[in-house]
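Here is the structure we will look at.
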Amino acid sequence: MWLLLTVASLISALGTTHGLFGKLNPGSPEVTMNISQMISYWGYPNEEYNVVTEDGYILGVYRIPYGKKNSGNIDAGYDVWLGNSRGNTWSRRNLYYSPDSVEFWAFSFDEMAKYDLPATIDFIVKKTGQKKLRYVGHSQGTTIGFIAFSTNPTLAEKIETFYALAPVATVKYTKSLLNKLELIPPSIFKIIFGDKIFYPHTFFDQFLATEVCSRQTLDVLCSNALFIICGFDHKNLNTSRLDVYLSHNPAGTSVQDVLHWSQAVKSGKFQAFNWGSPVQNELHYNQPTPPYYNVTAMNVPIAVWNGGNDWLADPQDVGMLLPKLPHLIYHKEISFYNHLDFIWAMDAPQEVYNEIVSMLAEGKK
């Protein structure tokens, strides 16, 4: 990221009219679109809903109820719902607190699992009349699934199958920048990053997307900045869409959420947020230390895909996770995949998505 900041500063100083850093690639209109607009742009119907959690967060939830008209066999015909966790671009409202307040940002993936996922799933079940749903999660989306489905048996009964992409429980062996953050003491951590939002999407990110990373000679530099965080897989990234990816990512989370992950790196355990003292932990958990999450208690069939070159969901951590899953129905490691390949790789349909659709069609449990 510092490399990108330097290049961006050079472009600002030298101007963009001289073509010094290459011509701008044709920009995508998706850069300035919201989720509903992007769905419509690709020819699909969409619906937008607000889901209110038990503790007052208002989550944006998006639905693609069916495929394109006259699409033949292009679409599989499923009713697709896209959820969002508190604090990201599309879920930054609360009934009681302003996003400008510290109180709004006092959450981590604990609360996403305890409140956000149950509220979203319950809303979908009531709206559709379906008794069971299939849940697809990536990265932290798998983390909150592991927590919610192992601690909330009533919720787990509503999930027919859990499809986990780049699953994250422990991060003991992660090679990502998280292992650098864990070196920062909690008190210093909040001095550096504050106690509200962590790395919000800003005008500068938009500038990087549209003026820096869309230039023909700089797209490799920008992709390398992504790979430093997630692992390298050059040939699989469609650099012509970097402006779209970077104009919507990162979508933001709380400093507390990132601090929780840094705690997980340091402890090597899968456990709740440590509030900093036995007294504070007693107030939150009725015990002096944060409780551990026990994935062996998750009675949901699960299929897992992970990357052999994933620096965040390291294969060693995934290897520790798999034996603990009592209802593992499928596992595939893609040796050359990094963490973001599961959502952005050009061959993701062949390596992952087609398999998921086939399993959905077969009704595997």
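A note on labels: chains of the structure tokens are A, B, ... as shown, every chain counts residues from 1, and ligands are counted from 1 in their shown order.
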
request  = Find the residues around Gly56 of chain A up to 9 Å (only C-alpha atoms counted), leave out those fewer than 2 positions away in its own chain, and share them as a list in words.
outcome  =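 Residues near the query, excluding close chain neighbours: Val52, Thr53, Glu54, Ile58, Arg93, Asn94, Leu95, Tyr96 and Tyr97 of chain A.
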
Take the selection from the previous step and output its residues with N, CA and C atoms, as a PDB file, in the first residue's frame.
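What ended up in out35.pdb:
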```pdb
ATOM      1  N   VAL A  52     -32.873  -5.711  10.345  1.00  0.00           N
ATOM      2  CA  VAL A  52     -32.506  -5.092  11.618  1.00  0.00           C
ATOM      3  C   VAL A  52     -32.126  -6.185  12.617  1.00  0.00           C
ATOM      4  N   THR A  53     -30.934  -6.078  13.181  1.00  0.00           N
ATOM      5  CA  THR A  53     -30.467  -7.069  14.137  1.00  0.00           C
ATOM      6  C   THR A  53     -31.051  -6.809  15.522  1.00  0.00           C
ATOM      7  N   GLU A  54     -30.890  -7.783  16.390  1.00  0.00           N
ATOM      8  CA  GLU A  54     -31.407  -7.676  17.752  1.00  0.00           C
ATOM      9  C   GLU A  54     -30.807  -6.486  18.497  1.00  0.00           C
ATOM     10  N   ILE A  58     -28.584  -2.029  11.135  1.00  0.00           N
ATOM     11  CA  ILE A  58     -29.412  -2.147   9.932  1.00  0.00           C
ATOM     12  C   ILE A  58     -28.513  -2.637   8.797  1.00  0.00           C
ATOM     13  N   ARG A  93     -25.488   1.548   9.397  1.00  0.00           N
ATOM     14  CA  ARG A  93     -26.558   2.265  10.105  1.00  0.00           C
ATOM     15  C   ARG A  93     -26.951   1.490  11.354  1.00  0.00           C
ATOM     16  N   ASN A  94     -27.476   2.220  12.330  1.00  0.00           N
ATOM     17  CA  ASN A  94     -27.910   1.615  13.583  1.00  0.00           C
ATOM     18  C   ASN A  94     -29.079   2.430  14.132  1.00  0.00           C
ATOM     19  N   LEU A  95     -30.021   1.752  14.774  1.00  0.00           N
ATOM     20  CA  LEU A  95     -31.199   2.436  15.311  1.00  0.00           C
ATOM     21  C   LEU A  95     -30.845   3.397  16.439  1.00  0.00           C
ATOM     22  N   TYR A  96     -29.755   3.141  17.137  1.00  0.00           N
ATOM     23  CA  TYR A  96     -29.436   3.894  18.349  1.00  0.00           C
ATOM     24  C   TYR A  96     -28.160   4.713  18.266  1.00  0.00           C
ATOM     25  N   TYR A  97     -27.193   4.267  17.456  1.00  0.00           N
ATOM     26  CA  TYR A  97     -25.890   4.929  17.429  1.00  0.00           C
ATOM     27  C   TYR A  97     -25.555   5.429  16.031  1.00  0.00           C
TER      28      TYR A  97
END
```

ask   = What gap, in Å, lies between atom CA of Trp90 of chain A and atom CA of Tyr293 of chain A?
value =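 Atom CA of Tyr293 of chain A lies 27.8 Å from atom CA of Trp90 of chain A.
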
ask   = Which polymer residues have any atom within 8 Å of an atom of segment 317-333 of chain A, counting only C-alpha atoms, with same-chain residues fewer than 5 positions away left out, as a PyMOL selection string?
value = chain A and resi 167-174+295-308+365

task = Determine, counting only C-alpha atoms, which protein, DNA and RNA residues have an atom within 12 Å of an atom of Lys131 of chain A; residues of the same chain fewer than 4 positions away are not included. Present the result as a PyMOL selection string.
result = chain A and resi 121-127+154-160

Write out, as a tab-separated table, each residue of segment 30-87 of chain A that has an atom at most 12 Å from segment 234-258 of chain A, together with the closest pair of atoms and their distance in Å to one decimal, counting only C-alpha atoms, rows going by chain and rising number.
```
residue	atom	partner	partner_atom	distance
A:Glu30	CA	A:Val244	CA	6.2
A:Val31	CA	A:Val244	CA	4.9
A:Thr32	CA	A:Ser247	CA	7.6
A:Met33	CA	A:His248	CA	9.2
A:Asn34	CA	A:His248	CA	8.9
A:Ile35	CA	A:His248	CA	9.8
A:Met38	CA	A:Val244	CA	10.5
A:Asn84	CA	A:Ala251	CA	10.2
A:Ser85	CA	A:Thr253	CA	8.7
A:Arg86	CA	A:Thr253	CA	7.6
A:Gly87	CA	A:Thr253	CA	5.2
```

request  = Grab the atom CA of Glu48 of chain A to atom CA of Lys196 of chain A distance for me, in Å with one decimal place.
outcome  = 26.8 Å

ask   = Can you list, as number ranges by chain, every residue of segment 84-281 of chain A that DSSP puts in alpha helix (DSSP H)?
value = A: 109-111, 117-128, 140-151, 153-156, 178-181, 186-193, 203-207, 219-230, 242-248, 255-267, 278-281

inquiry  = I'd like to know which of A:Trp261, A:Phe109, A:Tyr135, A:Trp311 is closest to Leu181 of chain A, using only C-alpha atoms.
reply    =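 Looking only at the distances to Leu181 of chain A, the closest residue turns out to be A:Trp261.
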
message = Would you pick out the contacts of Ala148 of chain A at 9 Å or less, using only C-alpha atoms, so that residues sharing its chain but fewer than 6 positions from it are not included, and give the list as a ChimeraX atom specification?
response = /A:110,112-115,117-118,155-156,298

Please dump the current selection as a PDB file, in the first residue's frame; keep C-alpha atoms.
```pdb
ATOM      1  CA  ASP A 110     -18.264 -12.179  17.545  1.00  0.00           C
ATOM      2  CA  MET A 112     -21.482 -10.619  13.337  1.00  0.00           C
ATOM      3  CA  ALA A 113     -21.946 -14.295  14.260  1.00  0.00           C
ATOM      4  CA  LYS A 114     -24.213 -13.663  17.235  1.00  0.00           C
ATOM      5  CA  TYR A 115     -26.510 -11.072  15.644  1.00  0.00           C
ATOM      6  CA  LEU A 117     -25.948 -13.884  10.482  1.00  0.00           C
ATOM      7  CA  PRO A 118     -28.968 -15.100  12.505  1.00  0.00           C
ATOM      8  CA  LEU A 155     -29.942 -21.542  13.496  1.00  0.00           C
ATOM      9  CA  ALA A 156     -27.872 -24.541  12.397  1.00  0.00           C
ATOM     10  CA  MET A 298     -21.268 -27.737  14.384  1.00  0.00           C
TER      11      MET A 298
END
```

ask   = Hey, which of A:Gly276, A:Gly27, A:Gly83, A:Pro315 ends up closest to Val51 of chain A? Count only C-alpha atoms.
value =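 Looking only at the distances to Val51 of chain A, the closest residue turns out to be A:Gly83.
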
request  = Going by DSSP on the backbone, which bits of segment 159-343 of chain A are strand (DSSP E or B)? Write them as a ChimeraX atom specification, please.
outcome  = /A:159-165,197-198,215,253-254,271,292,302-307,328-334
